[in-house]
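Student: Submitted below is the structure of interest, expressed as C-alpha cells.
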Amino acid sequence: ESLLVRDRPLAGKRALVTSGPTREALDPVRFISNHSSGKQGHAIAAALAELGADVTLVSGPVAVPDPHGVKVVKIESADQMLAACLDAGALDIAVCAAAVADWKAARPATGKIKKKAGAPPPALELAPNPDILATLSKAGPKRPALVVGFAAETENVVANAIDKRIRKGCDWIVANDVSPATGTFGGERNTVHLITAAGTEDWPPLGKGDVAGRLAGRIALHLAEAARK
Ligand code: CTP
Ligand code: CA
C-alpha cells in the first residue's frame, strides 16, 4: 500500500469531493440542516490528494480543519454547493459525501421572523433542493468517469443503498449505518458497505481515515484497470 501512495497513481486526475452539511436559511438567523461533522468527506479529499489527485473539496459549515493540498470551496446552501460543483470544471472522479438538506424554505424571510403574542407558530413551507449526486451522475458527456455517492441509512442499509445506486445513476455507493447506536455522526469510526455494479462488499469497522484510504485506493485501482481496457 505504501508503494501505491509513493507512485501517486492519481497524478493528473481531477477529483471533486462534497463534504459536511448544507444550511438552508429560514430567515437571516435560522436555518435547517443535517448532522454531519465533515470528518469522512474531508478524509476522502485528503486521501485522494495523497494519491496525487488534484482535489477540489466543496464543503458546508464544519469544525474540522481544511485538509492539506486540497482546494477548499466553502458554501452554505445546497444551491451554492451545486453551483460550486458545476464550477469545478472537467472531472475524472466525484465523491459526494455531503449531507445535503433535501429541502429548503420555499420562501426564506428577508428579515427575522418575529413571535407575535398569541399567534400560532409560523408554518414552514418547503421546496426540494437540487440533487447534486444525481446531477453529476447524469451530466452526459461531461460526466466524471467515476461517480461515488454515500447512503446514510438507519435501516435496511444495503437494500436501500442498492436502490439508491440505481436511482441516482452513480457508479458506487458507500453505504453506512447512521442509526444513533452506531455513533457514526461525529464519531471517529464508520462501518460501511461498498456497493458497485458487481455486488456488495462488507468492510470491517474502520476509522474514518482508514475508510477514506481504502476508498481512494479502490478508486485508483479502478481507474488504472479502466485505462488498461
Ligand atoms: N445527495 C446530493 N444532493 C442531495 C441529496 C443527496 O448530492 N440533494 C447525495 C449525498 O451526498 C449522498 C447521496 O446523495 O452521496 C445519498 O444521500 P441520501 O440523503 O442518503 O439520499 P436521498 O436520495 O436524499 O434519499 P433519502 O434522504 O430520502 O434517504
Ligand atoms: Ca437525503
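Lettering and numbering for the C-alpha cells are positional, with chains as A, B, ... in the shown order, residues counted from 1 in each chain, and ligands counted from 1 in the shown order.
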Identify, counting only C-alpha atoms and all ligand atoms, the protein, DNA and RNA residues located within 9 Å of ligand 2, and give them as a VMD selection string.

Tutor: chain A and resid 99 to 103 131 151 to 152

Student: For the interface of chain A with ligand 1 (cut-off 10 Å, counting only C-alpha atoms and all ligand atoms), please tabulate each contacting residue of chain A alongside its nearest pair of atoms and their separation in Å to one decimal, rows sorted by chain and increasing number, as a tab-separated table.

Tutor:
```
residue	atom	partner	partner_atom_place_in_ligand_line	distance
A:Val17	CA	ligand 1	11 (O)	9.4
A:Thr18	CA	ligand 1	11 (O)	6.9
A:Ser19	CA	ligand 1	11 (O)	7.6
A:Gly20	CA	ligand 1	11 (O)	9.0
A:Pro21	CA	ligand 1	11 (O)	9.1
A:Thr22	CA	ligand 1	8 (N)	9.4
A:Asn34	CA	ligand 1	19 (O)	9.5
A:Gly41	CA	ligand 1	11 (O)	9.5
A:Ala78	CA	ligand 1	8 (N)	6.8
A:Asp79	CA	ligand 1	8 (N)	9.0
A:Met81	CA	ligand 1	7 (O)	8.9
A:Leu82	CA	ligand 1	3 (N)	8.2
A:Ala94	CA	ligand 1	15 (O)	9.9
A:Val95	CA	ligand 1	15 (O)	7.3
A:Cys96	CA	ligand 1	15 (O)	4.3
A:Ala97	CA	ligand 1	11 (O)	4.6
A:Ala98	CA	ligand 1	11 (O)	4.2
A:Ala99	CA	ligand 1	11 (O)	5.3
A:Val100	CA	ligand 1	4 (C)	4.8
A:Ala101	CA	ligand 1	8 (N)	6.1
A:Asp102	CA	ligand 1	8 (N)	5.0
A:Trp103	CA	ligand 1	8 (N)	7.8
A:Pro128	CA	ligand 1	8 (N)	8.0
A:Asn129	CA	ligand 1	8 (N)	5.4
A:Pro130	CA	ligand 1	8 (N)	5.0
A:Asp131	CA	ligand 1	8 (N)	3.5
A:Ile132	CA	ligand 1	7 (O)	3.6
A:Leu133	CA	ligand 1	7 (O)	3.7
A:Ala134	CA	ligand 1	7 (O)	6.6
A:Thr135	CA	ligand 1	7 (O)	7.9
A:Leu136	CA	ligand 1	7 (O)	8.4
A:Ser137	CA	ligand 1	7 (O)	9.7
A:Val147	CA	ligand 1	15 (O)	9.5
A:Val148	CA	ligand 1	15 (O)	7.1
A:Gly149	CA	ligand 1	15 (O)	3.5
A:Phe150	CA	ligand 1	15 (O)	3.7
A:Ala151	CA	ligand 1	20 (O)	3.8
A:Ala152	CA	ligand 1	20 (O)	4.4
A:Glu153	CA	ligand 1	20 (O)	6.4
A:Thr154	CA	ligand 1	29 (O)	9.2
A:Val157	CA	ligand 1	20 (O)	9.9
A:Asn160	CA	ligand 1	29 (O)	7.9
A:Ala161	CA	ligand 1	20 (O)	7.9
A:Asp163	CA	ligand 1	23 (O)	9.8
A:Lys164	CA	ligand 1	23 (O)	6.6
A:Arg165	CA	ligand 1	16 (C)	8.7
A:Arg167	CA	ligand 1	23 (O)	8.0
A:Lys168	CA	ligand 1	23 (O)	7.2
A:Cys170	CA	ligand 1	15 (O)	9.2
A:Trp172	CA	ligand 1	15 (O)	9.7
A:Ile173	CA	ligand 1	15 (O)	7.5
A:Val174	CA	ligand 1	15 (O)	8.1
A:Ala175	CA	ligand 1	20 (O)	8.3
A:Asn176	CA	ligand 1	20 (O)	9.1
```

Student: Using only C-alpha atoms, determine which residues lie at most 10 Å from Thr191 of chain A, disregarding the query and same-chain residues fewer than 6 positions distant; provide the list as a ChimeraX atom specification.

Tutor: /A:174-178,182,184,202-208,211

Student: Just write the chosen residues, N, CA, C and O atoms, as a PDB file, in the first residue's frame.

Tutor:
```pdb
ATOM      1  N   VAL A 174     -21.215   4.129  -1.145  1.00  0.00           N
ATOM      2  CA  VAL A 174     -20.677   3.729   0.153  1.00  0.00           C
ATOM      3  C   VAL A 174     -21.851   3.841   1.127  1.00  0.00           C
ATOM      4  O   VAL A 174     -22.350   4.941   1.372  1.00  0.00           O
ATOM      5  N   ALA A 175     -22.313   2.692   1.615  1.00  0.00           N
ATOM      6  CA  ALA A 175     -23.496   2.690   2.473  1.00  0.00           C
ATOM      7  C   ALA A 175     -23.051   2.642   3.919  1.00  0.00           C
ATOM      8  O   ALA A 175     -22.216   1.815   4.292  1.00  0.00           O
ATOM      9  N   ASN A 176     -23.588   3.537   4.736  1.00  0.00           N
ATOM     10  CA  ASN A 176     -23.268   3.440   6.156  1.00  0.00           C
ATOM     11  C   ASN A 176     -24.501   3.515   7.024  1.00  0.00           C
ATOM     12  O   ASN A 176     -25.477   4.176   6.711  1.00  0.00           O
ATOM     13  N   ASP A 177     -24.403   2.771   8.114  1.00  0.00           N
ATOM     14  CA  ASP A 177     -25.480   2.717   9.103  1.00  0.00           C
ATOM     15  C   ASP A 177     -25.282   3.890  10.051  1.00  0.00           C
ATOM     16  O   ASP A 177     -24.285   3.954  10.759  1.00  0.00           O
ATOM     17  N   VAL A 178     -26.223   4.821  10.017  1.00  0.00           N
ATOM     18  CA  VAL A 178     -26.102   6.011  10.871  1.00  0.00           C
ATOM     19  C   VAL A 178     -27.128   5.987  12.003  1.00  0.00           C
ATOM     20  O   VAL A 178     -27.410   7.029  12.589  1.00  0.00           O
ATOM     21  N   THR A 182     -24.885   3.477  16.565  1.00  0.00           N
ATOM     22  CA  THR A 182     -23.580   3.244  15.944  1.00  0.00           C
ATOM     23  C   THR A 182     -22.591   4.363  16.268  1.00  0.00           C
ATOM     24  O   THR A 182     -21.382   4.181  16.116  1.00  0.00           O
ATOM     25  N   THR A 184     -21.999   6.932  14.546  1.00  0.00           N
ATOM     26  CA  THR A 184     -21.299   7.343  13.325  1.00  0.00           C
ATOM     27  C   THR A 184     -21.210   8.864  13.218  1.00  0.00           C
ATOM     28  O   THR A 184     -20.155   9.416  12.873  1.00  0.00           O
ATOM     29  N   ASP A 202     -18.739  -6.007   2.237  1.00  0.00           N
ATOM     30  CA  ASP A 202     -18.870  -5.531   3.616  1.00  0.00           C
ATOM     31  C   ASP A 202     -17.475  -5.235   4.146  1.00  0.00           C
ATOM     32  O   ASP A 202     -16.642  -6.127   4.207  1.00  0.00           O
ATOM     33  N   TRP A 203     -17.234  -3.997   4.514  1.00  0.00           N
ATOM     34  CA  TRP A 203     -15.932  -3.640   5.081  1.00  0.00           C
ATOM     35  C   TRP A 203     -16.025  -3.744   6.602  1.00  0.00           C
ATOM     36  O   TRP A 203     -17.092  -3.505   7.185  1.00  0.00           O
ATOM     37  N   PRO A 204     -14.907  -4.052   7.248  1.00  0.00           N
ATOM     38  CA  PRO A 204     -14.940  -4.114   8.719  1.00  0.00           C
ATOM     39  C   PRO A 204     -15.069  -2.708   9.300  1.00  0.00           C
ATOM     40  O   PRO A 204     -14.838  -1.732   8.589  1.00  0.00           O
ATOM     41  N   PRO A 205     -15.435  -2.588  10.588  1.00  0.00           N
ATOM     42  CA  PRO A 205     -15.445  -1.255  11.206  1.00  0.00           C
ATOM     43  C   PRO A 205     -14.047  -0.642  11.108  1.00  0.00           C
ATOM     44  O   PRO A 205     -13.060  -1.307  11.420  1.00  0.00           O
ATOM     45  N   LEU A 206     -13.974   0.577  10.622  1.00  0.00           N
ATOM     46  CA  LEU A 206     -12.676   1.230  10.405  1.00  0.00           C
ATOM     47  C   LEU A 206     -12.765   2.669  10.886  1.00  0.00           C
ATOM     48  O   LEU A 206     -13.854   3.251  10.923  1.00  0.00           O
ATOM     49  N   GLY A 207     -11.632   3.260  11.198  1.00  0.00           N
ATOM     50  CA  GLY A 207     -11.581   4.696  11.425  1.00  0.00           C
ATOM     51  C   GLY A 207     -11.952   5.401  10.127  1.00  0.00           C
ATOM     52  O   GLY A 207     -11.782   4.841   9.037  1.00  0.00           O
ATOM     53  N   LYS A 208     -12.466   6.632  10.235  1.00  0.00           N
ATOM     54  CA  LYS A 208     -12.884   7.343   9.017  1.00  0.00           C
ATOM     55  C   LYS A 208     -11.698   7.591   8.075  1.00  0.00           C
ATOM     56  O   LYS A 208     -11.855   7.571   6.851  1.00  0.00           O
ATOM     57  N   VAL A 211     -11.271   4.284   6.204  1.00  0.00           N
ATOM     58  CA  VAL A 211     -12.307   4.156   5.161  1.00  0.00           C
ATOM     59  C   VAL A 211     -11.899   4.996   3.956  1.00  0.00           C
ATOM     60  O   VAL A 211     -11.958   4.550   2.805  1.00  0.00           O
TER      61      VAL A 211
END
```

Student: In Å, how far is it from atom CA of Thr196 of chain A to atom CA of Leu57 of chain A?

Tutor: 23.3 Å

Student: Which residues come within 9 Å of Ile75 of chain A, counting only C-alpha atoms, excluding same-chain residues fewer than 3 positions away, as a ChimeraX atom specification?

Tutor: /A:22-23,58-61,78,80-81,84

Student: Which residues in segment 7-156 of chain A does DSSP call helix (DSSP H, G or I)? List them as a count of residues only.

Tutor: 30

Student: Of the candidates A:Thr56, A:Asn156, A:Asn190, A:Ser37, which one gets nearest to Lys13 of chain A if we count only C-alpha atoms?

Tutor: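 When distances to Lys13 of chain A are compared using only C-alpha atoms, the smallest one comes from A:Thr56.
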
Student: Check segment 17-109 of chain A with DSSP on the backbone and list each residue it calls strand (DSSP E), as a list in words.

Tutor: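 Of segment 17-109 of chain A, only Val17, Thr18, Ser19, Arg23, Glu24, Ala25, Leu26, Asp27, Arg30, Phe31, Ile32, Ser33, Asp54, Val55, Thr56, Leu57, Val58, Ser59, Lys71, Val72, Val73, Lys74, Ile93, Ala94, Val95, Cys96, Trp103, Lys104 and Ala105 of chain A fall in strand (DSSP E).
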
Student: Kindly save the residues from that selection, with C-alpha atoms included, as an mmCIF file, in the first residue's frame.

Tutor:
```
data_model
loop_
_atom_site.group_PDB
_atom_site.id
_atom_site.type_symbol
_atom_site.label_atom_id
_atom_site.label_comp_id
_atom_site.auth_asym_id
_atom_site.auth_seq_id
_atom_site.Cartn_x
_atom_site.Cartn_y
_atom_site.Cartn_z
ATOM 1 C CA VAL A 17 -15.464 15.792 -3.069
ATOM 2 C CA THR A 18 -18.528 17.201 -1.300
ATOM 3 C CA SER A 19 -18.500 17.187 2.485
ATOM 4 C CA ARG A 23 -27.640 25.070 5.703
ATOM 5 C CA GLU A 24 -30.945 26.265 4.334
ATOM 6 C CA ALA A 25 -31.955 29.669 5.623
ATOM 7 C CA LEU A 26 -35.444 30.191 7.053
ATOM 8 C CA ASP A 27 -34.584 33.815 7.762
ATOM 9 C CA ARG A 30 -32.368 30.498 11.448
ATOM 10 C CA PHE A 31 -31.705 27.509 9.242
ATOM 11 C CA ILE A 32 -32.483 23.836 8.700
ATOM 12 C CA SER A 33 -29.589 21.435 8.376
ATOM 13 C CA ASP A 54 -5.912 17.405 -7.995
ATOM 14 C CA VAL A 55 -8.761 17.727 -5.474
ATOM 15 C CA THR A 56 -11.498 20.327 -5.051
ATOM 16 C CA LEU A 57 -13.398 19.959 -1.776
ATOM 17 C CA VAL A 58 -16.793 21.696 -1.664
ATOM 18 C CA SER A 59 -17.837 21.867 1.954
ATOM 19 C CA LYS A 71 -8.575 23.346 -2.928
ATOM 20 C CA VAL A 72 -11.419 24.087 -0.485
ATOM 21 C CA VAL A 73 -14.595 25.905 -1.583
ATOM 22 C CA LYS A 74 -16.856 26.836 1.345
ATOM 23 C CA ILE A 93 -13.745 11.469 -10.048
ATOM 24 C CA ALA A 94 -16.641 12.796 -7.957
ATOM 25 C CA VAL A 95 -17.312 11.625 -4.406
ATOM 26 C CA CYS A 96 -20.463 13.051 -2.820
ATOM 27 C CA TRP A 103 -35.476 20.621 1.380
ATOM 28 C CA LYS A 104 -35.099 24.357 1.730
ATOM 29 C CA ALA A 105 -37.585 27.040 2.748
#
```

Student: I'd like the neighbourhood of Leu48 of chain A as a CSV table (one decimal) with C-alpha atoms, in the first residue's frame, where a residue qualifies if any of its atoms comes within 8 Å (using only C-alpha atoms), though same-chain residues fewer than 2 positions away should be ignored.

Tutor:
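So the final result, stored in selection.csv, reads:
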```
chain,number,residue,atom,x,y,z
A,10,LEU,CA,-4.0,9.5,-9.2
A,15,ALA,CA,-11.4,14.9,-8.2
A,44,ILE,CA,-11.6,11.3,1.5
A,45,ALA,CA,-10.4,14.6,-0.1
A,46,ALA,CA,-7.1,14.2,1.8
A,50,GLU,CA,-2.3,11.8,-1.1
A,51,LEU,CA,-2.5,9.6,-4.1
A,52,GLY,CA,-1.7,12.5,-6.3
A,53,ALA,CA,-5.2,13.7,-7.5
A,55,VAL,CA,-8.8,17.7,-5.5
A,213,GLY,CA,-7.7,5.5,2.4
A,216,ALA,CA,-9.1,6.2,-2.5
```

Student: How many Å separate atom CA of Arg8 of chain A from atom CA of Ala49 of chain A?

Tutor: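 Separation of atom CA of Arg8 of chain A and atom CA of Ala49 of chain A: 8.9 Å.
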
Student: Could you tell me how far atom CA of Leu194 of chain A sits from atom CA of Arg228 of chain A, in Å to one decimal place?

Tutor: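 Computing it gives 22.9 Å between the two atoms.
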